[in-house]
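S.K.: protein.pdb is the file, holding PDB, C-alpha atoms and all ligand atoms:
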```pdb
ATOM      1  CA  MET A   1     -23.817  66.114   6.370
ATOM      2  CA  LYS A   2     -24.529  62.701   4.818
ATOM      3  CA  CYS A   3     -26.030  61.775   1.459
ATOM      4  CA  ARG A   4     -29.700  60.894   1.882
ATOM      5  CA  GLN A   5     -29.346  58.108  -0.713
ATOM      6  CA  CYS A   6     -26.105  56.313   0.156
ATOM      7  CA  GLN A   7     -24.711  57.812   3.403
ATOM      8  CA  LYS A   8     -21.453  59.017   1.819
ATOM      9  CA  SER A   9     -20.528  62.584   2.675
ATOM     10  CA  ALA A  10     -22.831  65.032   0.915
ATOM     11  CA  VAL A  11     -21.650  67.840  -1.409
ATOM     12  CA  ILE A  12     -24.938  69.719  -1.765
ATOM     13  CA  LYS A  13     -27.959  70.454   0.364
ATOM     14  CA  MET A  14     -31.218  71.004  -1.527
ATOM     15  CA  GLU A  15     -33.798  72.621   0.719
ATOM     16  CA  ARG A  16     -36.548  72.402  -1.885
ATOM     17  CA  HIS A  17     -36.275  68.605  -1.917
ATOM     18  CA  ASN A  18     -35.460  68.453   1.784
ATOM     19  CA  THR A  19     -32.369  66.367   0.974
ATOM     20  CA  SER A  20     -28.559  66.311   0.749
ATOM     21  CA  LEU A  21     -26.647  64.321  -1.849
ATOM     22  CA  CYS A  22     -23.074  63.116  -2.496
ATOM     23  CA  GLY A  23     -21.406  63.820  -5.868
ATOM     24  CA  GLY A  24     -22.456  60.541  -7.479
ATOM     25  CA  CYS A  25     -26.067  60.727  -6.351
ATOM     26  CA  PHE A  26     -26.269  64.421  -7.278
ATOM     27  CA  ASN A  27     -25.112  63.628 -10.835
ATOM     28  CA  LEU A  28     -27.815  60.963 -11.052
ATOM     29  CA  TYR A  29     -30.376  63.495  -9.784
ATOM     30  CA  VAL A  30     -29.377  66.036 -12.478
ATOM     31  CA  HIS A  31     -29.471  63.428 -15.251
ATOM     32  CA  ASP A  32     -32.859  62.231 -14.007
ATOM     33  CA  GLN A  33     -34.335  65.750 -13.963
ATOM     34  CA  VAL A  34     -33.188  66.361 -17.562
ATOM     35  CA  ASP A  35     -34.437  62.945 -18.659
ATOM     36  CA  ARG A  36     -37.838  63.661 -17.069
ATOM     37  CA  ALA A  37     -38.044  67.060 -18.750
ATOM     38  CA  ILE A  38     -37.299  65.523 -22.155
ATOM     39  CA  THR A  39     -39.690  62.582 -21.892
ATOM     40  CA  GLU A  40     -42.587  64.192 -19.997
ATOM     41  CA  GLN A  41     -42.626  67.189 -22.331
ATOM     42  CA  LYS A  42     -41.960  65.029 -25.448
ATOM     43  CA  MET A  43     -39.014  67.232 -26.455
ATOM     44  CA  PHE A  44     -37.144  64.756 -28.699
ATOM     45  CA  ASP A  45     -36.037  61.133 -28.906
ATOM     46  CA  HIS A  46     -32.789  59.247 -29.434
ATOM     47  CA  GLY A  47     -33.379  59.055 -33.204
ATOM     48  CA  GLU A  48     -33.245  62.834 -33.662
ATOM     49  CA  GLN A  49     -30.201  65.083 -34.082
ATOM     50  CA  ILE A  50     -30.212  67.894 -31.532
ATOM     51  CA  LEU A  51     -28.571  71.261 -32.181
ATOM     52  CA  VAL A  52     -27.480  72.537 -28.756
ATOM     53  CA  ALA A  53     -27.028  76.334 -28.542
ATOM     54  CA  ILE A  54     -23.830  76.827 -26.559
ATOM     55  CA  SER A  55     -22.920  80.257 -25.186
ATOM     56  CA  GLY A  56     -19.885  79.133 -23.144
ATOM     57  CA  GLY A  57     -21.714  79.753 -19.860
ATOM     58  CA  LYS A  58     -22.404  77.046 -17.262
ATOM     59  CA  ASP A  59     -25.974  76.266 -18.291
ATOM     60  CA  SER A  60     -25.491  75.436 -21.949
ATOM     61  CA  LEU A  61     -22.197  73.556 -21.394
ATOM     62  CA  ALA A  62     -23.791  71.525 -18.573
ATOM     63  CA  LEU A  63     -26.761  70.814 -20.857
ATOM     64  CA  TRP A  64     -24.457  69.520 -23.593
ATOM     65  CA  ASP A  65     -22.580  67.370 -21.075
ATOM     66  CA  VAL A  66     -25.812  65.805 -19.789
ATOM     67  CA  LEU A  67     -27.302  65.186 -23.246
ATOM     68  CA  ILE A  68     -24.163  63.317 -24.305
ATOM     69  CA  LYS A  69     -24.182  61.254 -21.117
ATOM     70  CA  LEU A  70     -27.848  60.401 -21.741
ATOM     71  CA  GLY A  71     -26.809  59.117 -25.188
ATOM     72  CA  TYR A  72     -28.399  61.771 -27.428
ATOM     73  CA  ARG A  73     -26.998  62.675 -30.864
ATOM     74  CA  THR A  74     -25.907  66.296 -30.697
ATOM     75  CA  ALA A  75     -23.906  69.051 -32.347
ATOM     76  CA  GLY A  76     -23.134  72.400 -30.719
ATOM     77  CA  LEU A  77     -23.862  75.816 -32.219
ATOM     78  CA  HIS A  78     -21.928  78.809 -30.952
ATOM     79  CA  LEU A  79     -22.727  82.322 -32.169
ATOM     80  CA  ASP A  80     -19.608  84.467 -31.865
ATOM     81  CA  LEU A  81     -21.281  87.816 -31.138
ATOM     82  CA  GLY A  82     -18.092  89.831 -31.683
ATOM     83  CA  ILE A  83     -18.123  91.502 -28.241
ATOM     84  CA  GLU A  84     -14.348  91.766 -27.917
ATOM     85  CA  ALA A  85     -12.723  89.934 -24.967
ATOM     86  CA  TYR A  86     -16.053  88.525 -23.701
ATOM     87  CA  SER A  87     -16.758  86.788 -27.028
ATOM     88  CA  GLU A  88     -13.157  85.648 -27.448
ATOM     89  CA  VAL A  89     -13.166  83.933 -24.038
ATOM     90  CA  SER A  90     -16.672  82.472 -24.584
ATOM     91  CA  ARG A  91     -15.710  80.985 -27.951
ATOM     92  CA  LYS A  92     -12.497  79.518 -26.544
ATOM     93  CA  LYS A  93     -14.412  77.795 -23.704
ATOM     94  CA  VAL A  94     -16.871  76.285 -26.190
ATOM     95  CA  GLU A  95     -14.161  75.178 -28.631
ATOM     96  CA  THR A  96     -12.068  73.627 -25.851
ATOM     97  CA  PHE A  97     -15.086  71.754 -24.445
ATOM     98  CA  ALA A  98     -16.018  70.361 -27.887
ATOM     99  CA  ALA A  99     -12.438  69.456 -28.865
ATOM    100  CA  SER A 100     -11.684  67.704 -25.578
ATOM    101  CA  ARG A 101     -14.726  65.459 -26.037
ATOM    102  CA  GLY A 102     -14.542  65.071 -29.832
ATOM    103  CA  LEU A 103     -17.927  66.763 -30.395
ATOM    104  CA  ASP A 104     -19.244  68.417 -33.560
ATOM    105  CA  LEU A 105     -19.372  72.192 -33.253
ATOM    106  CA  ILE A 106     -20.682  74.857 -35.628
ATOM    107  CA  VAL A 107     -19.301  78.353 -34.977
ATOM    108  CA  HIS A 108     -20.987  81.335 -36.629
ATOM    109  CA  PRO A 109     -18.937  84.541 -36.175
ATOM    110  CA  TYR A 110     -21.014  87.708 -36.752
ATOM    111  CA  LYS A 111     -17.966  89.833 -37.585
ATOM    112  CA  GLU A 112     -16.971  87.505 -40.432
ATOM    113  CA  ALA A 113     -20.541  87.138 -41.669
ATOM    114  CA  TYR A 114     -21.693  90.773 -41.411
ATOM    115  CA  GLY A 115     -18.515  92.802 -40.835
ATOM    116  CA  LEU A 116     -19.907  93.951 -37.470
ATOM    117  CA  GLY A 117     -20.405  92.585 -33.977
ATOM    118  CA  VAL A 118     -23.790  92.676 -32.245
ATOM    119  CA  ILE A 119     -23.067  95.928 -30.359
ATOM    120  CA  GLU A 120     -22.247  97.793 -33.579
ATOM    121  CA  ILE A 121     -25.327  96.314 -35.282
ATOM    122  CA  ALA A 122     -27.499  97.489 -32.359
ATOM    123  CA  GLU A 123     -25.917 100.961 -32.459
ATOM    124  CA  GLU A 124     -26.338 101.348 -36.224
ATOM    125  CA  THR A 125     -29.976 100.324 -36.040
ATOM    126  CA  ALA A 126     -30.727 102.323 -32.866
ATOM    127  CA  ARG A 127     -32.058  99.223 -31.121
ATOM    128  CA  PRO A 128     -31.359  98.334 -27.469
ATOM    129  CA  ALA A 129     -28.415  95.879 -27.513
ATOM    130  CA  CYS A 130     -30.285  92.989 -25.824
ATOM    131  CA  SER A 131     -33.241  93.343 -28.169
ATOM    132  CA  ALA A 132     -31.109  93.303 -31.365
ATOM    133  CA  CYS A 133     -29.075  90.429 -29.911
ATOM    134  CA  GLY A 134     -32.258  88.440 -29.130
ATOM    135  CA  THR A 135     -33.607  88.918 -32.663
ATOM    136  CA  MET A 136     -30.295  87.767 -34.135
ATOM    137  CA  LYS A 137     -29.958  84.744 -31.836
ATOM    138  CA  ARG A 138     -33.485  83.452 -32.481
ATOM    139  CA  TYR A 139     -32.992  83.933 -36.218
ATOM    140  CA  HIS A 140     -29.677  82.089 -36.366
ATOM    141  CA  PHE A 141     -30.780  79.218 -34.112
ATOM    142  CA  ASN A 142     -33.665  78.526 -36.470
ATOM    143  CA  ARG A 143     -31.930  79.200 -39.752
ATOM    144  CA  ILE A 144     -28.819  77.137 -39.015
ATOM    145  CA  ALA A 145     -30.945  74.261 -37.661
ATOM    146  CA  MET A 146     -33.150  74.260 -40.776
ATOM    147  CA  GLU A 147     -30.221  74.578 -43.210
ATOM    148  CA  ARG A 148     -28.257  71.770 -41.565
ATOM    149  CA  GLY A 149     -31.199  69.413 -41.057
ATOM    150  CA  PHE A 150     -31.611  69.562 -37.258
ATOM    151  CA  PRO A 151     -35.275  69.223 -36.246
ATOM    152  CA  VAL A 152     -34.606  70.498 -32.707
ATOM    153  CA  VAL A 153     -32.714  73.368 -31.057
ATOM    154  CA  ALA A 154     -31.998  73.029 -27.315
ATOM    155  CA  THR A 155     -31.041  75.981 -25.110
ATOM    156  CA  GLY A 156     -29.712  76.103 -21.549
ATOM    157  CA  HIS A 157     -32.543  78.108 -19.956
ATOM    158  CA  ASN A 158     -32.987  76.928 -16.357
ATOM    159  CA  LEU A 159     -35.744  77.103 -13.715
ATOM    160  CA  ASP A 160     -34.569  80.519 -12.480
ATOM    161  CA  ASP A 161     -34.629  81.937 -16.038
ATOM    162  CA  GLU A 162     -38.117  80.643 -16.722
ATOM    163  CA  ALA A 163     -39.603  81.544 -13.332
ATOM    164  CA  SER A 164     -38.233  85.112 -13.462
ATOM    165  CA  ARG A 165     -39.468  85.586 -17.024
ATOM    166  CA  LEU A 166     -42.871  84.271 -15.975
ATOM    167  CA  LEU A 167     -42.962  86.662 -13.016
ATOM    168  CA  GLY A 168     -42.191  89.605 -15.328
ATOM    169  CA  ASN A 169     -44.855  88.546 -17.828
ATOM    170  CA  VAL A 170     -47.466  88.006 -15.128
ATOM    171  CA  LEU A 171     -46.742  91.314 -13.409
ATOM    172  CA  GLN A 172     -47.398  93.057 -16.706
ATOM    173  CA  TRP A 173     -50.070  90.621 -17.888
ATOM    174  CA  GLN A 174     -48.306  90.039 -21.188
ATOM    175  CA  GLU A 175     -50.581  87.216 -22.227
ATOM    176  CA  GLU A 176     -49.097  86.844 -25.701
ATOM    177  CA  TYR A 177     -45.696  86.178 -24.106
ATOM    178  CA  LEU A 178     -47.162  83.769 -21.567
ATOM    179  CA  GLU A 179     -48.068  81.444 -24.415
ATOM    180  CA  LYS A 180     -44.416  81.306 -25.449
ATOM    181  CA  GLN A 181     -43.236  80.215 -22.017
ATOM    182  CA  SER A 182     -43.614  76.509 -22.630
ATOM    183  CA  PRO A 183     -40.321  74.535 -22.473
ATOM    184  CA  VAL A 184     -41.262  73.050 -25.868
ATOM    185  CA  LEU A 185     -42.303  75.169 -28.819
ATOM    186  CA  SER A 186     -43.530  72.947 -31.610
ATOM    187  CA  ASP A 187     -42.109  72.805 -35.133
ATOM    188  CA  GLU A 188     -45.526  73.112 -36.774
ATOM    189  CA  GLY A 189     -44.999  70.284 -39.189
ATOM    190  CA  GLY A 190     -41.325  70.938 -39.884
ATOM    191  CA  THR A 191     -41.515  74.556 -41.125
ATOM    192  CA  TRP A 192     -39.717  75.674 -38.012
ATOM    193  CA  ALA A 193     -37.170  74.004 -35.716
ATOM    194  CA  ARG A 194     -38.649  72.788 -32.436
ATOM    195  CA  LYS A 195     -37.297  74.848 -29.494
ATOM    196  CA  VAL A 196     -36.693  73.020 -26.231
ATOM    197  CA  LYS A 197     -35.360  73.862 -22.755
ATOM    198  CA  PRO A 198     -34.349  70.585 -21.093
ATOM    199  CA  LEU A 199     -32.937  72.305 -17.961
ATOM    200  CA  PHE A 200     -36.231  73.904 -16.931
ATOM    201  CA  ARG A 201     -36.577  71.624 -13.877
ATOM    202  CA  LEU A 202     -33.119  72.550 -12.491
ATOM    203  CA  ALA A 203     -32.277  75.608 -10.407
ATOM    204  CA  GLU A 204     -29.335  77.806 -11.365
ATOM    205  CA  ARG A 205     -27.361  76.861  -8.248
ATOM    206  CA  GLU A 206     -27.848  73.163  -9.012
ATOM    207  CA  ILE A 207     -26.423  73.660 -12.507
ATOM    208  CA  ALA A 208     -23.512  75.670 -11.107
ATOM    209  CA  ALA A 209     -22.816  72.825  -8.650
ATOM    210  CA  TYR A 210     -23.054  70.249 -11.470
ATOM    211  CA  SER A 211     -20.586  72.221 -13.617
ATOM    212  CA  ILE A 212     -18.055  72.529 -10.812
ATOM    213  CA  LEU A 213     -18.439  68.895  -9.783
ATOM    214  CA  ASN A 214     -17.890  67.716 -13.358
ATOM    215  CA  ARG A 215     -15.000  70.112 -14.002
ATOM    216  CA  ILE A 216     -16.778  71.937 -16.811
ATOM    217  CA  ASP A 217     -14.726  75.008 -17.635
ATOM    218  CA  TYR A 218     -17.183  77.822 -18.400
ATOM    219  CA  ILE A 219     -17.098  81.615 -18.712
ATOM    220  CA  VAL A 220     -18.088  83.074 -15.358
ATOM    221  CA  ASP A 221     -18.476  86.696 -16.498
ATOM    222  CA  GLU A 222     -21.887  87.860 -17.595
ATOM    223  CA  CYS A 223     -22.233  89.564 -20.965
ATOM    224  CA  PRO A 224     -20.929  93.161 -20.545
ATOM    225  CA  MET A 225     -24.097  94.509 -22.185
ATOM    226  CA  SER A 226     -26.013  92.355 -19.722
ATOM    227  CA  LYS A 227     -29.653  91.707 -19.217
ATOM    228  CA  GLY A 228     -32.230  94.273 -18.225
ATOM    229  CA  ALA A 229     -31.887  95.261 -14.579
ATOM    230  CA  LYS A 230     -35.526  94.184 -14.198
ATOM    231  CA  MET A 231     -34.804  90.519 -14.913
ATOM    232  CA  LEU A 232     -32.052  90.572 -12.275
ATOM    233  CA  LEU A 233     -34.508  92.138  -9.824
ATOM    234  CA  TYR A 234     -37.100  89.416 -10.509
ATOM    235  CA  LYS A 235     -34.434  86.722  -9.997
ATOM    236  CA  ASP A 236     -33.387  88.332  -6.736
ATOM    237  CA  ILE A 237     -36.979  88.531  -5.479
ATOM    238  CA  LEU A 238     -37.597  84.882  -6.382
ATOM    239  CA  ASN A 239     -34.391  83.884  -4.584
ATOM    240  CA  ARG A 240     -35.609  85.639  -1.454
ATOM    241  CA  LEU A 241     -38.981  83.902  -1.691
ATOM    242  CA  GLU A 242     -37.194  80.596  -2.286
ATOM    243  CA  GLU A 243     -35.099  81.068   0.819
ATOM    244  CA  ALA A 244     -38.136  81.784   2.970
ATOM    245  CA  SER A 245     -40.203  79.062   1.328
ATOM    246  CA  PRO A 246     -38.132  76.415  -0.510
ATOM    247  CA  GLY A 247     -39.798  75.120  -3.684
ATOM    248  CA  THR A 248     -41.427  78.452  -4.604
ATOM    249  CA  LYS A 249     -39.793  78.719  -8.052
ATOM    250  CA  HIS A 250     -40.645  75.131  -8.912
ATOM    251  CA  LYS A 251     -44.263  75.498  -7.808
ATOM    252  CA  PHE A 252     -44.629  78.798  -9.654
ATOM    253  CA  TYR A 253     -43.252  77.677 -13.038
ATOM    254  CA  LEU A 254     -44.297  74.010 -13.048
ATOM    255  CA  GLY A 255     -47.729  74.991 -11.764
ATOM    256  CA  PHE A 256     -48.016  77.394 -14.703
ATOM    257  CA  LEU A 257     -47.135  74.582 -17.128
ATOM    258  CA  LYS A 258     -50.021  72.472 -15.850
ATOM    259  CA  ARG A 259     -52.433  75.030 -17.247
ATOM    260  CA  PRO A 260     -53.874  73.646 -20.526
ATOM    261  CA  ARG A 261     -52.913  76.678 -22.633
ATOM    262  CA  ALA A 262     -49.184  76.426 -22.024
ATOM    263  CA  ALA A 263     -49.160  72.878 -23.360
ATOM    264  CA  THR A 264     -50.365  73.921 -26.810
ATOM    265  CA  ALA A 265     -47.889  76.719 -27.435
ATOM    266  CA  THR A 266     -46.078  76.921 -30.748
ATOM    267  CA  ALA A 267     -42.815  78.502 -31.842
ATOM    268  CA  LYS A 268     -44.335  79.500 -35.122
ATOM    269  CA  PRO A 269     -46.215  82.745 -35.615
ATOM    270  CA  VAL A 270     -49.394  82.372 -37.692
ATOM    271  CA  ASP A 271     -49.401  82.509 -41.514
ATOM    272  CA  LEU A 272     -45.746  82.153 -42.298
ATOM    273  CA  HIS A 273     -44.271  82.572 -45.746
ATOM    274  CA  PRO A 274     -40.702  82.898 -47.017
ATOM    275  CA  CYS A 275     -38.920  86.188 -46.240
ATOM    276  CA  GLN A 276     -38.449  88.142 -49.489
ATOM    277  CA  SER A 277     -34.836  88.711 -48.600
ATOM    278  CA  CYS A 278     -33.524  85.473 -47.050
ATOM    279  CA  GLY A 279     -36.241  82.860 -47.542
ATOM    280  CA  GLN A 280     -36.679  82.057 -43.847
ATOM    281  CA  PRO A 281     -40.302  81.718 -42.669
ATOM    282  CA  THR A 282     -41.806  84.992 -41.413
ATOM    283  CA  PRO A 283     -45.293  86.423 -40.806
ATOM    284  CA  GLY A 284     -44.374  89.676 -42.624
ATOM    285  CA  ALA A 285     -42.903  90.321 -46.069
ATOM    286  CA  VAL A 286     -39.354  90.630 -44.688
ATOM    287  CA  CYS A 287     -38.192  88.859 -41.505
ATOM    288  CA  GLY A 288     -37.102  90.675 -38.331
ATOM    289  CA  PHE A 289     -33.448  89.848 -38.890
ATOM    290  CA  CYS A 290     -33.415  91.136 -42.485
ATOM    291  CA  ARG A 291     -35.256  94.309 -41.415
ATOM    292  CA  LEU A 292     -32.567  94.811 -38.790
ATOM    293  CA  MET A 293     -29.741  94.227 -41.270
ATOM    294  CA  GLN A 294     -31.322  96.538 -43.876
ATOM    295  CA  ARG A 295     -30.879  99.368 -41.379
ATOM    296  CA  VAL A 296     -27.164  98.719 -41.029
ATOM    297  CA  THR A 297     -25.450 101.167 -43.344
ATOM    298  CA  PRO A 298     -23.493  99.203 -45.974
TER     299      PRO A 298
HETATM  300  P1  LIG A 301     -29.044  83.917 -22.260
HETATM  301  O1  LIG A 301     -30.161  84.551 -23.006
HETATM  302  O2  LIG A 301     -27.727  84.580 -22.482
HETATM  303  O3  LIG A 301     -29.374  83.652 -20.828
HETATM  304  O4  LIG A 301     -28.864  82.488 -22.917
HETATM  305  C1  LIG A 301     -29.880  81.536 -22.894
HETATM  306  C2  LIG A 301     -29.461  80.354 -23.742
HETATM  307  O5  LIG A 301     -29.301  80.770 -25.102
HETATM  308  C3  LIG A 301     -28.109  79.753 -23.363
HETATM  309  O6  LIG A 301     -28.239  78.805 -22.330
HETATM  310  C4  LIG A 301     -27.682  79.131 -24.672
HETATM  311  O7  LIG A 301     -28.316  77.882 -24.871
HETATM  312  C5  LIG A 301     -28.208  80.115 -25.703
HETATM  313  N1  LIG A 301     -27.177  81.106 -26.082
HETATM  314  C6  LIG A 301     -26.953  82.317 -25.527
HETATM  315  N2  LIG A 301     -25.922  82.950 -26.134
HETATM  316  C7  LIG A 301     -25.481  82.121 -27.113
HETATM  317  C8  LIG A 301     -24.433  82.190 -28.097
HETATM  318  N3  LIG A 301     -23.644  83.260 -28.200
HETATM  319  N4  LIG A 301     -24.281  81.141 -28.938
HETATM  320  C9  LIG A 301     -25.086  80.056 -28.854
HETATM  321  N5  LIG A 301     -26.072  79.947 -27.938
HETATM  322  C10 LIG A 301     -26.274  80.947 -27.081
HETATM  323 ZN    ZN A 302     -35.064  87.376 -43.826
END
```
Would you write the structure of this file as structure tokens?
Ligand code: AMP
Ligand code: ZN
M.R.:
Amino acid sequence: MKCRQCQKSAVIKMERHNTSLCGGCFNLYVHDQVDRAITEQKMFDHGEQILVAISGGKDSLALWDVLIKLGYRTAGLHLDLGIEAYSEVSRKKVETFAASRGLDLIVHPYKEAYGLGVIEIAEETARPACSACGTMKRYHFNRIAMERGFPVVATGHNLDDEASRLLGNVLQWQEEYLEKQSPVLSDEGGTWARKVKPLFRLAEREIAAYSILNRIDYIVDECPMSKGAKMLLYKDILNRLEEASPGTKHKFYLGFLKRPRAATATAKPVDLHPCQSCGQPTPGAVCGFCRLMQRVTP
């Protein structure tokens, strides 16, 4: 198998582009896809400082690697969720990556901040673990970005993540969620950090290949609390469709983005004012995170 671009021996075959590429040309392809996502969707520019949310998994570490190579100014943010061995390994991977490249990294450990990890917080508040964890992650991404002066937060969501979420939302016609599926959620005049997903054009297997090719050492294990079985089912179904008809995921999600409504989405709920407890913008009197923490017995 030869590289379609330069005839060297290919390392990856990409059915959806009807091509095979060598390591060098594949790296260029990945950088180009991220560059296109950033510029076409007006995510950020070289003058802005980007806070990159780094879990320790392949997607977010690959994202950080690419943003640095494209010359963007970045710092990493790792939330140490306090899920025993899983969080210890994740944090170590992130810290090693940052230290070996001399990158700025902010680590926020829940156990030090709140005395509890995310599983205990979910148990104490009788919330499903993934739902409490999602509330806490969104809150901290925004709060830490605003406090430290980052106008943008980038996450490692990829094409498979976005297409499977879209499938779930469409199957249940959750129109209010559909509006939030844009890869850029605006900052509404600076009251909120802009949320961006620069990997939305890249499939999960492409990012895995990029990470291996570039010797990025990431945590392979999934979170032990792991995602809803439904999301895994949607991913599996999309993979089967992709195999039968390469390009299905791309056409599904990027076709959705061409609709005019998706382009005007915002990260900010309407009528925000400062949370009575923590001062972060919220549509209610007290923000979701503070309501969660109020239910944790002191
Ligand atoms: P997930 O919801 O676990 O698929 O993660 C989606 C994205 O959220 C990742 O690619 C990261 O950018 C970010 N993320 C997830 N977990 C963490 C974490 N513990 N600390 C910082 N960022 C995270
Ligand atoms: Zn609050």
S.K.: May I have the residues within 6 Å of ligand ZN 302 (chain A), computed using all atoms listed in the file, as number ranges by chain?
M.R.: A: 275, 277-280, 286-287, 289-290
S.K.: Show me, as a PyMOL selection string, the residues that have an atom within 12 Å of Gly23 of chain A when counting all atoms listed in the file, minus same-chain residues fewer than 4 positions from it.
M.R.: chain A and resi 2-13+27-30+206+209-214
S.K.: Applied to this file, what does the PyMOL selection byres (((not hetatm)) within 9 of (chain A and resi 301)) return in terms of residues, put as a compact mmCIF listing (two decimals) with C-alpha atoms, keeping the file's coordinate frame?
M.R.:
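What follows is the written file out_0.txt:
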```txt
# COMPACT_ATOMS: atom_id res chain seq x y z
CA VAL A 52 -27.48 72.54 -28.76
CA ALA A 53 -27.03 76.33 -28.54
CA ILE A 54 -23.83 76.83 -26.56
CA SER A 55 -22.92 80.26 -25.19
CA GLY A 56 -19.89 79.13 -23.14
CA GLY A 57 -21.71 79.75 -19.86
CA LYS A 58 -22.40 77.05 -17.26
CA ASP A 59 -25.97 76.27 -18.29
CA SER A 60 -25.49 75.44 -21.95
CA LEU A 61 -22.20 73.56 -21.39
CA LEU A 63 -26.76 70.81 -20.86
CA GLY A 76 -23.13 72.40 -30.72
CA LEU A 77 -23.86 75.82 -32.22
CA HIS A 78 -21.93 78.81 -30.95
CA LEU A 79 -22.73 82.32 -32.17
CA ASP A 80 -19.61 84.47 -31.86
CA LEU A 81 -21.28 87.82 -31.14
CA SER A 87 -16.76 86.79 -27.03
CA SER A 90 -16.67 82.47 -24.58
CA ARG A 91 -15.71 80.98 -27.95
CA VAL A 107 -19.30 78.35 -34.98
CA HIS A 108 -20.99 81.33 -36.63
CA CYS A 130 -30.28 92.99 -25.82
CA CYS A 133 -29.08 90.43 -29.91
CA GLY A 134 -32.26 88.44 -29.13
CA LYS A 137 -29.96 84.74 -31.84
CA ARG A 138 -33.48 83.45 -32.48
CA PHE A 141 -30.78 79.22 -34.11
CA VAL A 153 -32.71 73.37 -31.06
CA ALA A 154 -32.00 73.03 -27.32
CA THR A 155 -31.04 75.98 -25.11
CA GLY A 156 -29.71 76.10 -21.55
CA HIS A 157 -32.54 78.11 -19.96
CA ASN A 158 -32.99 76.93 -16.36
CA ASP A 161 -34.63 81.94 -16.04
CA LYS A 197 -35.36 73.86 -22.76
CA GLU A 222 -21.89 87.86 -17.60
CA CYS A 223 -22.23 89.56 -20.96
CA SER A 226 -26.01 92.36 -19.72
CA LYS A 227 -29.65 91.71 -19.22
```
S.K.: Expand the PyMOL selection byres (((chain A and resi 146) around 12) and not hetatm) into the explicit residue set it covers here, and present it as a ChimeraX atom specification.
M.R.: /A:49-51,139-145,147-153,187,190-194,279-281
S.K.: Which one of A:Val66, A:Val184, A:Val34, A:Ala75 sits closest to Pro198 of chain A if you count only C-alpha atoms?
M.R.: A:Val34
S.K.: What does the distance from atom CA of Gly284 of chain A to atom CA of Asn169 of chain A come to in Å, to one decimal?
M.R.: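 These two atoms are separated by 24.8 Å.
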S.K.: Could you work out how far atom CA of Glu204 of chain A lies from atom CA of Leu159 of chain A, giving the answer in Å with one decimal?
M.R.: 6.9 Å
S.K.: Name all residues at most 9 Å from Gly82 of chain A (count only C-alpha atoms; drop same-chain ones fewer than 6 positions away) and give them as a list in words.
M.R.: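 Listing them by chain and then by number gives Glu88, Pro109, Tyr110, Lys111, Leu116, Gly117, Val118 and Ile119 of chain A.
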S.K.: For a test of reading the model, state the distance in Å between atom CA of Tyr234 of chain A and atom CA of Arg165 of chain A, rounded to one decimal.
M.R.: 7.9 Å
S.K.: Excluding Ala126 of chain A and its own-chain neighbours fewer than 4 positions away, which residues fall within 12 Å of it when counting all atoms listed in the file? Please give them as a PDB file with C-alpha atoms, in the frame of the given file.
M.R.:
```pdb
ATOM      1  CA  VAL A 118     -23.790  92.676 -32.245  1.00  0.00           C
ATOM      2  CA  ILE A 119     -23.067  95.928 -30.359  1.00  0.00           C
ATOM      3  CA  GLU A 120     -22.247  97.793 -33.579  1.00  0.00           C
ATOM      4  CA  ILE A 121     -25.327  96.314 -35.282  1.00  0.00           C
ATOM      5  CA  ALA A 122     -27.499  97.489 -32.359  1.00  0.00           C
ATOM      6  CA  CYS A 130     -30.285  92.989 -25.824  1.00  0.00           C
ATOM      7  CA  SER A 131     -33.241  93.343 -28.169  1.00  0.00           C
ATOM      8  CA  ALA A 132     -31.109  93.303 -31.365  1.00  0.00           C
ATOM      9  CA  LEU A 292     -32.567  94.811 -38.790  1.00  0.00           C
ATOM     10  CA  MET A 293     -29.741  94.227 -41.270  1.00  0.00           C
ATOM     11  CA  ARG A 295     -30.879  99.368 -41.379  1.00  0.00           C
ATOM     12  CA  VAL A 296     -27.164  98.719 -41.029  1.00  0.00           C
ATOM     13  CA  THR A 297     -25.450 101.167 -43.344  1.00  0.00           C
TER      14      THR A 297
END
```
S.K.: Counting only C-alpha atoms, write as a PyMOL selection string all protein and nucleic acid residues lying at most 9 Å from (-43.4, 73.7, -3.5) in the file's frame.
M.R.: chain A and resi 16-17+245-252
S.K.: Between A:Gly71, A:Tyr86, A:Asp217, A:Leu171, which has the minimum distance to Ser100 of chain A (counting only C-alpha atoms)?
M.R.: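 Using only C-alpha atoms, the shortest distance to Ser100 of chain A belongs to A:Asp217.
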S.K.: Using only C-alpha atoms, determine which residues lie at most 10 Å from Ala98 of chain A, disregarding the query and same-chain residues fewer than 5 positions distant; provide the list as a PDB file with C-alpha atoms, keeping the file's coordinate frame.
M.R.:
```pdb
ATOM      1  CA  LEU A  61     -22.197  73.556 -21.394  1.00  0.00           C
ATOM      2  CA  TRP A  64     -24.457  69.520 -23.593  1.00  0.00           C
ATOM      3  CA  ASP A  65     -22.580  67.370 -21.075  1.00  0.00           C
ATOM      4  CA  ALA A  75     -23.906  69.051 -32.347  1.00  0.00           C
ATOM      5  CA  GLY A  76     -23.134  72.400 -30.719  1.00  0.00           C
ATOM      6  CA  LYS A  92     -12.497  79.518 -26.544  1.00  0.00           C
ATOM      7  CA  LYS A  93     -14.412  77.795 -23.704  1.00  0.00           C
ATOM      8  CA  LEU A 103     -17.927  66.763 -30.395  1.00  0.00           C
ATOM      9  CA  ASP A 104     -19.244  68.417 -33.560  1.00  0.00           C
ATOM     10  CA  LEU A 105     -19.372  72.192 -33.253  1.00  0.00           C
TER      11      LEU A 105
END
```
S.K.: Ile237 of chain A: which residues within 10 Å, counting only C-alpha atoms, same-chain residues fewer than 6 positions away excluded, as a ChimeraX atom specification?
M.R.: /A:164,167,231,243
